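The data block below is entry11.txt; it holds compact mmCIF, C-alpha atoms.
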```
# COMPACT_ATOMS: atom_id res chain seq x y z
CA MET A 1 2.46 19.93 -2.59
CA CYS A 2 2.17 19.46 1.15
CA ASP A 3 2.88 22.22 3.63
CA ASP A 4 3.59 22.67 7.36
CA GLY A 5 6.31 20.02 7.12
CA ALA A 6 3.74 17.27 6.49
CA VAL A 7 5.00 14.15 4.72
CA ILE A 8 3.68 10.79 3.70
CA THR A 9 5.18 8.16 5.99
CA VAL A 10 5.06 4.69 4.44
CA VAL A 11 5.89 1.92 6.89
CA GLY A 12 6.32 -1.79 6.19
CA GLU A 13 8.33 -4.22 4.10
CA ALA A 14 10.89 -3.88 1.35
CA LEU A 15 11.75 -7.20 -0.29
CA VAL A 16 12.66 -8.86 -3.56
CA ASP A 17 10.07 -10.52 -5.76
CA LEU A 18 11.11 -13.60 -7.70
CA VAL A 19 8.66 -13.20 -10.60
CA ILE A 20 7.87 -16.57 -12.16
CA ASP A 21 6.29 -16.50 -15.63
CA PRO A 22 3.87 -19.25 -16.73
CA ASP A 23 6.72 -20.73 -18.80
CA GLY A 24 8.92 -20.97 -15.68
CA ALA A 25 11.26 -18.05 -16.41
CA VAL A 26 12.33 -16.26 -13.21
CA THR A 27 13.20 -12.58 -12.83
CA ALA A 28 14.27 -10.84 -9.61
CA ALA A 29 12.48 -7.52 -9.02
CA LEU A 30 12.54 -5.03 -6.15
CA GLY A 31 9.22 -4.98 -4.34
CA GLY A 32 7.06 -5.15 -1.25
CA ALA A 33 3.72 -3.35 -1.11
CA PRO A 34 4.84 -0.41 1.08
CA PHE A 35 8.09 -0.15 -0.92
CA ASN A 36 6.06 0.13 -4.13
CA THR A 37 3.68 2.65 -2.57
CA ALA A 38 6.53 4.84 -1.35
CA ARG A 39 8.17 4.78 -4.79
CA THR A 40 4.90 5.82 -6.41
CA CYS A 41 4.53 8.75 -4.02
CA GLY A 42 8.11 9.83 -4.66
CA ARG A 43 7.85 9.62 -8.44
CA LEU A 44 4.66 11.68 -8.33
CA GLY A 45 6.43 14.46 -6.48
CA ALA A 46 5.15 13.95 -2.94
CA ASP A 47 7.28 14.45 0.16
CA VAL A 48 7.55 10.86 1.34
CA GLU A 49 9.62 8.72 3.69
CA PHE A 50 9.92 4.96 3.93
CA VAL A 51 10.24 3.37 7.37
CA GLY A 52 11.28 -0.27 7.27
CA SER A 53 14.07 -2.75 7.92
CA ILE A 54 16.44 -3.06 4.95
CA SER A 55 19.30 -5.55 4.70
CA ASN A 56 22.89 -4.54 4.13
CA ASP A 57 23.26 -7.31 1.54
CA ARG A 58 23.33 -6.60 -2.21
CA PHE A 59 19.55 -6.84 -2.62
CA GLY A 60 19.08 -4.51 0.35
CA SER A 61 21.52 -2.00 -1.09
CA GLN A 62 19.54 -2.04 -4.34
CA LEU A 63 16.27 -1.51 -2.45
CA ALA A 64 17.70 1.47 -0.56
CA ALA A 65 19.24 2.98 -3.69
CA GLN A 66 15.98 2.66 -5.63
CA LEU A 67 14.01 4.45 -2.93
CA VAL A 68 16.49 7.33 -2.89
CA ALA A 69 16.51 7.51 -6.70
CA ASP A 70 12.72 7.85 -6.65
CA GLY A 71 12.80 10.73 -4.18
CA VAL A 72 11.98 8.76 -1.03
CA SER A 73 13.71 9.55 2.27
CA ILE A 74 15.05 6.51 4.12
CA ASP A 75 16.46 8.41 7.11
CA ARG A 76 14.18 6.58 9.55
CA SER A 77 14.65 3.13 8.00
CA GLN A 78 16.78 0.58 9.82
CA ARG A 79 19.63 -1.35 8.20
CA CYS A 80 20.42 -4.88 9.37
CA GLU A 81 22.68 -7.86 8.62
CA LEU A 82 19.83 -10.31 8.02
CA PRO A 83 19.31 -11.42 4.40
CA THR A 84 16.69 -9.66 2.31
CA THR A 85 13.16 -11.06 2.51
CA LEU A 86 12.03 -12.84 -0.66
CA ALA A 87 8.62 -13.37 -2.27
CA ALA A 88 7.87 -15.73 -5.15
CA ALA A 89 5.29 -14.09 -7.43
CA GLU A 90 3.79 -16.74 -9.70
CA LEU A 91 2.05 -15.20 -12.73
CA ASP A 92 -0.92 -16.82 -14.41
CA ALA A 93 -1.77 -16.48 -18.10
CA GLY A 94 -3.67 -13.24 -17.43
CA GLY A 95 -0.79 -11.58 -15.60
CA ALA A 96 -2.25 -11.95 -12.09
CA ALA A 97 0.23 -12.85 -9.37
CA ARG A 98 0.00 -15.36 -6.51
CA TYR A 99 2.59 -14.84 -3.77
CA ARG A 100 4.60 -17.16 -1.55
CA PHE A 101 6.91 -15.60 1.04
CA TYR A 102 10.28 -16.61 2.48
CA LEU A 103 10.34 -14.79 5.82
CA ASP A 104 12.13 -16.60 8.66
CA GLY A 105 15.38 -14.96 9.66
CA THR A 106 15.09 -12.22 7.02
CA SER A 107 15.19 -8.43 7.06
CA ALA A 108 11.60 -7.16 6.65
CA PRO A 109 10.09 -8.55 9.87
CA ALA A 110 12.96 -7.12 11.94
CA LEU A 111 11.65 -3.55 12.12
CA THR A 112 11.72 -2.44 15.76
CA ALA A 113 10.37 0.64 17.51
CA THR A 114 10.72 3.77 15.37
CA SER A 115 11.70 7.17 16.71
CA GLY A 116 9.78 10.35 16.05
CA ARG A 117 6.07 11.11 15.66
CA SER A 118 4.75 11.09 12.09
CA GLN A 119 3.00 14.22 10.83
CA GLY A 120 0.98 14.20 7.63
CA ILE A 121 -0.34 10.87 6.36
CA VAL A 122 0.80 7.44 7.56
CA PHE A 123 0.36 4.50 5.19
CA THR A 124 0.76 0.82 6.08
CA GLY A 125 -0.82 -2.62 5.70
CA GLY A 126 -0.22 -6.14 4.41
CA LEU A 127 2.72 -7.95 5.97
CA ALA A 128 3.22 -5.05 8.38
CA LEU A 129 0.15 -6.31 10.27
CA VAL A 130 1.44 -9.88 10.56
CA LEU A 131 5.20 -10.18 10.91
CA HIS A 132 6.94 -9.72 14.25
CA PRO A 133 8.40 -7.58 15.71
CA MET A 134 7.42 -5.30 12.80
CA ALA A 135 3.66 -5.56 13.49
CA ASP A 136 4.03 -4.23 17.04
CA SER A 137 6.21 -1.36 15.83
CA VAL A 138 3.75 -0.45 13.10
CA GLU A 139 0.76 -0.53 15.43
CA ALA A 140 2.53 1.82 17.85
CA LEU A 141 3.47 4.23 15.08
CA VAL A 142 -0.09 4.33 13.77
CA ALA A 143 -1.55 4.86 17.26
CA GLU A 144 0.72 7.88 17.76
CA ALA A 145 0.21 9.45 14.32
CA ASP A 146 -0.79 13.12 14.38
CA GLY A 147 -2.46 13.15 10.96
CA ALA A 148 -4.45 10.85 8.73
CA VAL A 149 -3.81 7.11 8.46
CA MET A 150 -4.39 5.05 5.31
CA LEU A 151 -4.54 1.30 5.83
CA ASP A 152 -4.30 -1.14 2.91
CA VAL A 153 -5.56 -4.39 4.42
CA ASN A 154 -3.89 -6.49 1.68
CA CYS A 155 -4.39 -9.84 3.44
CA ARG A 156 -1.78 -12.55 2.99
CA PRO A 157 -3.56 -15.66 4.34
CA THR A 158 -0.58 -17.93 3.69
CA VAL A 159 1.45 -15.85 6.14
CA VAL A 160 -1.18 -15.59 8.89
CA SER A 161 -0.53 -18.32 11.46
CA ASP A 162 -3.13 -17.14 14.00
CA ARG A 163 -6.26 -15.77 12.29
CA SER A 164 -7.90 -14.57 15.52
CA ARG A 165 -4.81 -12.68 16.63
CA TYR A 166 -4.49 -11.17 13.17
CA ILE A 167 -8.11 -9.99 13.08
CA ASP A 168 -7.79 -8.54 16.59
CA ARG A 169 -4.79 -6.48 15.51
CA LEU A 170 -6.51 -5.43 12.30
CA THR A 171 -9.56 -4.31 14.29
CA ARG A 172 -7.38 -2.15 16.55
CA MET A 173 -5.65 -0.65 13.52
CA LEU A 174 -8.96 0.12 11.82
CA ARG A 175 -9.96 2.22 14.83
CA HIS A 176 -6.95 4.47 14.17
CA SER A 177 -7.46 4.60 10.39
CA THR A 178 -8.89 7.48 8.37
CA VAL A 179 -9.26 5.67 5.04
CA VAL A 180 -9.12 1.92 4.42
CA LYS A 181 -8.38 0.17 1.13
CA VAL A 182 -9.62 -3.41 0.95
CA SER A 183 -10.08 -5.85 -1.92
CA ASP A 184 -12.88 -8.28 -2.56
CA GLU A 185 -10.34 -11.06 -1.92
CA ASP A 186 -9.44 -9.51 1.45
CA LEU A 187 -13.08 -9.44 2.49
CA ALA A 188 -13.65 -13.03 1.37
CA TYR A 189 -11.00 -14.00 3.94
CA LEU A 190 -12.15 -11.62 6.69
CA ALA A 191 -15.93 -11.81 6.38
CA THR A 192 -16.86 -15.24 5.10
CA GLY A 193 -20.52 -15.46 4.06
CA ARG A 194 -21.13 -11.72 3.67
CA SER A 195 -21.20 -9.79 0.43
CA SER A 196 -18.13 -7.64 -0.18
CA ALA A 197 -20.20 -4.46 -0.18
CA ASP A 198 -21.87 -5.26 3.16
CA ALA A 199 -18.54 -6.22 4.70
CA ALA A 200 -16.95 -2.99 3.45
CA ARG A 201 -19.81 -0.91 4.88
CA SER A 202 -19.41 -2.62 8.25
CA LEU A 203 -15.79 -1.43 8.46
CA LEU A 204 -17.05 2.16 8.71
CA ASP A 205 -18.51 1.26 12.10
CA LEU A 206 -14.97 0.78 13.44
CA GLY A 207 -13.98 4.40 12.81
CA PRO A 208 -12.60 5.06 9.28
CA ARG A 209 -14.05 8.01 7.36
CA ALA A 210 -13.94 6.02 4.12
CA VAL A 211 -13.54 2.49 2.82
CA LEU A 212 -12.32 1.85 -0.74
CA LEU A 213 -13.28 -1.58 -2.09
CA THR A 214 -11.21 -2.65 -5.09
CA ALA A 215 -12.22 -5.48 -7.40
CA GLY A 216 -9.82 -5.43 -10.33
CA ALA A 217 -11.48 -4.52 -13.62
CA ALA A 218 -14.85 -4.14 -11.87
CA GLY A 219 -13.78 -0.77 -10.47
CA VAL A 220 -13.57 0.77 -7.01
CA GLN A 221 -16.54 1.19 -4.69
CA VAL A 222 -16.26 4.14 -2.33
CA PHE A 223 -18.09 3.99 1.00
CA THR A 224 -18.43 6.88 3.45
CA ALA A 225 -20.90 7.76 6.17
CA ASP A 226 -22.36 10.37 3.80
CA GLY A 227 -22.83 8.19 0.74
CA GLU A 228 -21.41 5.73 -1.78
CA ALA A 229 -20.05 5.85 -5.32
CA THR A 230 -18.40 3.58 -7.88
CA VAL A 231 -15.37 4.63 -9.90
CA SER A 232 -14.66 2.82 -13.17
CA VAL A 233 -11.11 1.75 -14.00
CA GLY A 234 -11.72 1.82 -17.76
CA THR A 235 -10.10 -0.48 -20.29
CA VAL A 236 -6.56 -1.54 -19.42
CA ALA A 237 -4.15 -3.61 -21.52
CA VAL A 238 -2.73 -5.75 -18.72
CA VAL A 239 0.87 -6.97 -18.90
CA ASP A 240 0.78 -8.02 -15.23
CA THR A 241 -0.83 -6.74 -12.05
CA ILE A 242 2.30 -6.61 -9.87
CA GLY A 243 2.30 -3.37 -7.91
CA ALA A 244 -1.05 -2.17 -9.31
CA GLY A 245 -2.79 -1.94 -5.93
CA ASP A 246 0.29 -0.37 -4.36
CA SER A 247 0.50 2.27 -7.09
CA PHE A 248 -3.21 2.97 -6.61
CA SER A 249 -2.49 3.76 -2.95
CA GLY A 250 0.54 5.86 -3.81
CA GLY A 251 -1.38 7.72 -6.49
CA LEU A 252 -4.23 8.54 -4.11
CA LEU A 253 -1.84 9.77 -1.40
CA ALA A 254 0.23 11.86 -3.82
CA TRP A 255 -2.95 13.40 -5.29
CA TRP A 256 -4.14 14.19 -1.77
CA MET A 257 -0.94 15.94 -0.79
CA GLU A 258 -0.62 17.81 -4.08
CA ARG A 259 -4.14 19.13 -3.65
CA GLY A 260 -3.49 20.05 -0.02
CA ALA A 261 -6.67 18.21 1.01
CA SER A 262 -7.40 17.81 4.72
CA PRO A 263 -7.92 14.53 6.62
CA ALA A 264 -11.59 15.45 7.12
CA GLU A 265 -12.10 15.42 3.34
CA PHE A 266 -11.49 11.67 3.25
CA GLY A 267 -15.13 11.46 4.26
CA ALA A 268 -16.35 13.74 1.46
CA LEU A 269 -17.33 12.05 -1.79
CA THR A 270 -16.78 15.31 -3.70
CA THR A 271 -13.07 15.09 -2.91
CA LEU A 272 -12.62 11.35 -2.53
CA VAL A 273 -14.13 10.28 -5.87
CA PRO A 274 -11.74 12.38 -8.01
CA ALA A 275 -8.86 11.17 -5.84
CA VAL A 276 -9.83 7.56 -6.52
CA ALA A 277 -10.17 8.27 -10.24
CA ALA A 278 -6.68 9.80 -10.25
CA ALA A 279 -5.34 6.76 -8.38
CA CYS A 280 -6.93 4.46 -10.97
CA GLN A 281 -5.04 6.32 -13.72
CA VAL A 282 -1.76 5.57 -11.97
CA ALA A 283 -2.62 1.91 -11.41
CA ALA A 284 -3.64 1.48 -15.06
CA ILE A 285 -0.21 2.64 -16.20
CA VAL A 286 1.47 0.10 -13.92
CA CYS A 287 -0.77 -2.72 -15.20
CA ALA A 288 0.37 -1.92 -18.74
CA ARG A 289 4.04 -2.26 -17.73
CA ARG A 290 6.17 -5.18 -16.67
CA GLY A 291 6.42 -5.35 -12.89
CA ALA A 292 5.95 -2.56 -10.34
CA ASP A 293 7.10 0.43 -12.41
CA PRO A 294 5.11 3.47 -11.26
CA PRO A 295 4.89 6.53 -13.52
CA TRP A 296 6.68 9.82 -12.93
CA ARG A 297 4.60 12.96 -12.51
CA ASP A 298 5.43 14.22 -16.02
CA GLN A 299 4.02 10.99 -17.47
CA LEU A 300 0.56 11.96 -16.20
CA PRO A 301 -1.61 14.79 -17.51
CA GLU A 302 -0.61 18.22 -16.24
CA ASN A 303 -4.08 18.65 -14.75
CA TRP A 304 -4.02 15.20 -13.10
CA SER A 305 -4.56 16.62 -9.60
CA THR A 306 -7.23 19.18 -10.49
```
How does this structure look as structure tokens?
Amino acid sequence: MCDDGAVITVVGEALVDLVIDPDGAVTAALGGAPFNTARTCGRLGADVEFVGSISNDRFGSQLAAQLVADGVSIDRSQRCELPTTLAAAELDAGGAARYRFYLDGTSAPALTATSGRSQGIVFTGGLALVLHPMADSVEALVAEADGAVMLDVNCRPTVVSDRSRYIDRLTRMLRHSTVVKVSDEDLAYLATGRSSADAARSLLDLGPRAVLLTAGAAGVQVFTADGEATVSVGTVAVVDTIGAGDSFSGGLLAWWMERGASPAEFGALTTLVPAVAAACQVAAIVCARRGADPPWRDQLPENWST
């Protein structure tokens, strides 16, 4: 567990996914990448807080209650009267999801300046780098963070109205980041014409100690200034992939805090590779379940963090 009062601060959106099966059936599910990441950290026993804008409507009340039930503090979250942000998650036959967002006049983008300096690890990414005024608030929080910063790029091209402005902000955020998680799909959008591996390596030049390149069943490539490695994800019986990447991030952060690893160790393959392997275990469990349903700590091996 973490010490010295350090916590994982997850900042970004909480929303509701309208999950649409290939046959057209629709199910409402609580979601949002940072929301899922915070829940994963909480269920795995980490000290974690969620910082976001949550509606006072019924969906928002469910989002807040779920975070608390999973051991996540919401003391620094903001409540508002705007309706809850919605995302339509359209599943294909293999369980992969394509997202469409309903954002205007809704709760998630409304996050304004947050009080208090974050100590420990700050996690953010995705819509938190795009939506306003949330994006400005998130950038300020990251710039002032006292500890490590994990950034999950998690591009949403359908939401980005100004690609140049988005990439400028992302570049500034990368300079404050300790470890960056990026998918092959993210890099296809950001670095057209370059291989994913070369594009991932180039991100190290902006300041992060490590870049984690995810590519679904192909595994995770780990890039640091000191070397590279590939971590296999093994065989997974996929129900759907909703929340898999988010639970990977939460698993890595929870492992890190449980081990008491330092920010400097994000650049050490000897520590980072087992952390990634542990995160892959968490993500595999979520892939085998319906929706974003991260495991509890007692559903993982007792020696999971060793």
(request) Could you check which of A:Ser232, A:Ser53, A:Ser107, A:Thr124 is closest to Leu170 of chain A, using only C-alpha atoms? (result) A:Thr124
Listed atoms of segment 193-198 of chain A boxed axis-aligned with 3 Å per side, centre + edges as lines of an AutoDock Vina configuration file:
```
center_x = -20.0
center_y = -10.0
center_z = 1.9
size_x = 9.7
size_y = 17.0
size_z = 10.2
```
(request) Name the closest residue to Ala292 of chain A among the candidates A:Glu49, A:Asp17, A:Asp23, A:Asp168; distances are taken between atoms, counting all atoms listed in the file. (result)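 For Ala292 of chain A, the nearest of the candidates is A:Asp17.
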(request) Between A:Ser118, A:Thr230, A:Asn56, A:Ser305, single out the one closest to Leu212 of chain A, counting all atoms listed in the file. (result)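 That would be A:Thr230, the residue with the smallest distance to Leu212 of chain A.
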(request) Tell me which protein, DNA and RNA residues are within 8 Å of Val48 of chain A, counting all atoms listed in the file, leaving out same-chain ones fewer than 6 positions away, and put them as a ChimeraX atom specification. (result) /A:7-10,38,41-42,71-73
(message) Using all atoms listed in the file, can you tell me which of A:Arg259, A:Arg165, A:Arg39, A:Arg289 comes closest to Val130 of chain A?
(response)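 Checking each of A:Arg259, A:Arg165, A:Arg39, A:Arg289 against Val130 of chain A, counting all atoms listed in the file, the winner is A:Arg165.
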(request) Just the residues within 9 Å of Pro263 of chain A, please, counting only C-alpha atoms, with nothing from its chain fewer than 6 positions along; format it as JSON, numbers by chain. (result) {"A": [120, 121, 147, 148, 149, 178, 209]}
(message) I'd like to know which of A:Gly291, A:Pro34, A:Pro133, A:Gly45 is closest to Ala89 of chain A, using all atoms listed in the file.
(response) A:Gly291
Would you kindly return, as a PDB file with C-alpha atoms, keeping the file's coordinate frame, each protein, DNA or RNA residue with an atom no farther than 9 Å from any atom of Thr306 of chain A, considering only C-alpha atoms and excluding same-chain residues fewer than 4 positions away?
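The result, written out as around02.pdb:
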```pdb
ATOM      1  CA  TRP A 255      -2.950  13.400  -5.290  1.00  0.00           C
ATOM      2  CA  ARG A 259      -4.140  19.130  -3.650  1.00  0.00           C
ATOM      3  CA  PRO A 274     -11.740  12.380  -8.010  1.00  0.00           C
ATOM      4  CA  GLU A 302      -0.610  18.220 -16.240  1.00  0.00           C
TER       5      GLU A 302
END
```
(message) Calculated over all atoms listed in the file, which of the candidates A:Val19, A:Phe59, A:Val239, A:Gly251 has the smallest distance to Arg100 of chain A?
(response)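 Closest residue, counting all atoms listed in the file: A:Val19.
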(request) Find the residues around Val276 of chain A up to 7 Å (all atoms listed in the file counted), leave out those fewer than 4 positions away in its own chain, and share them as JSON, numbers by chain. (result) {"A": [252, 272, 280]}
Could the residues in this selection be saved with C-alpha atoms as an mmCIF file, in the coordinates of the input?
```cif
data_model
loop_
_atom_site.group_PDB
_atom_site.id
_atom_site.type_symbol
_atom_site.label_atom_id
_atom_site.label_comp_id
_atom_site.auth_asym_id
_atom_site.auth_seq_id
_atom_site.Cartn_x
_atom_site.Cartn_y
_atom_site.Cartn_z
ATOM 1 C CA LEU A 252 -4.230 8.540 -4.110
ATOM 2 C CA LEU A 272 -12.620 11.350 -2.530
ATOM 3 C CA CYS A 280 -6.930 4.460 -10.970
#
```
(request) Using only C-alpha atoms, give me every residue within 9 Å of (-9.6, -0.7, 1.9) in file coordinates, as a list in words. (result)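 Applying the cut-off with only C-alpha atoms, one gets Met150, Leu151, Asp152, Val153, Asn154, Val179, Val180, Lys181, Val182, Ser183, Asp186, Ala200, Ala210, Val211, Leu212, Leu213 and Thr214 of chain A.
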(message) Set the distance at 9 Å and use only C-alpha atoms: which residues neighbour Trp304 of chain A once local chain neighbours fewer than 4 positions away are removed? I'd like the list as a VMD selection string.
(response) chain A and resid 255 278 281 297 300
Emit the selected residues as a PDB file, in the coordinates of the input, including C-alpha atoms.
```pdb
ATOM      1  CA  TRP A 255      -2.950  13.400  -5.290  1.00  0.00           C
ATOM      2  CA  ALA A 278      -6.680   9.800 -10.250  1.00  0.00           C
ATOM      3  CA  GLN A 281      -5.040   6.320 -13.720  1.00  0.00           C
ATOM      4  CA  ARG A 297       4.600  12.960 -12.510  1.00  0.00           C
ATOM      5  CA  LEU A 300       0.560  11.960 -16.200  1.00  0.00           C
TER       6      LEU A 300
END
```
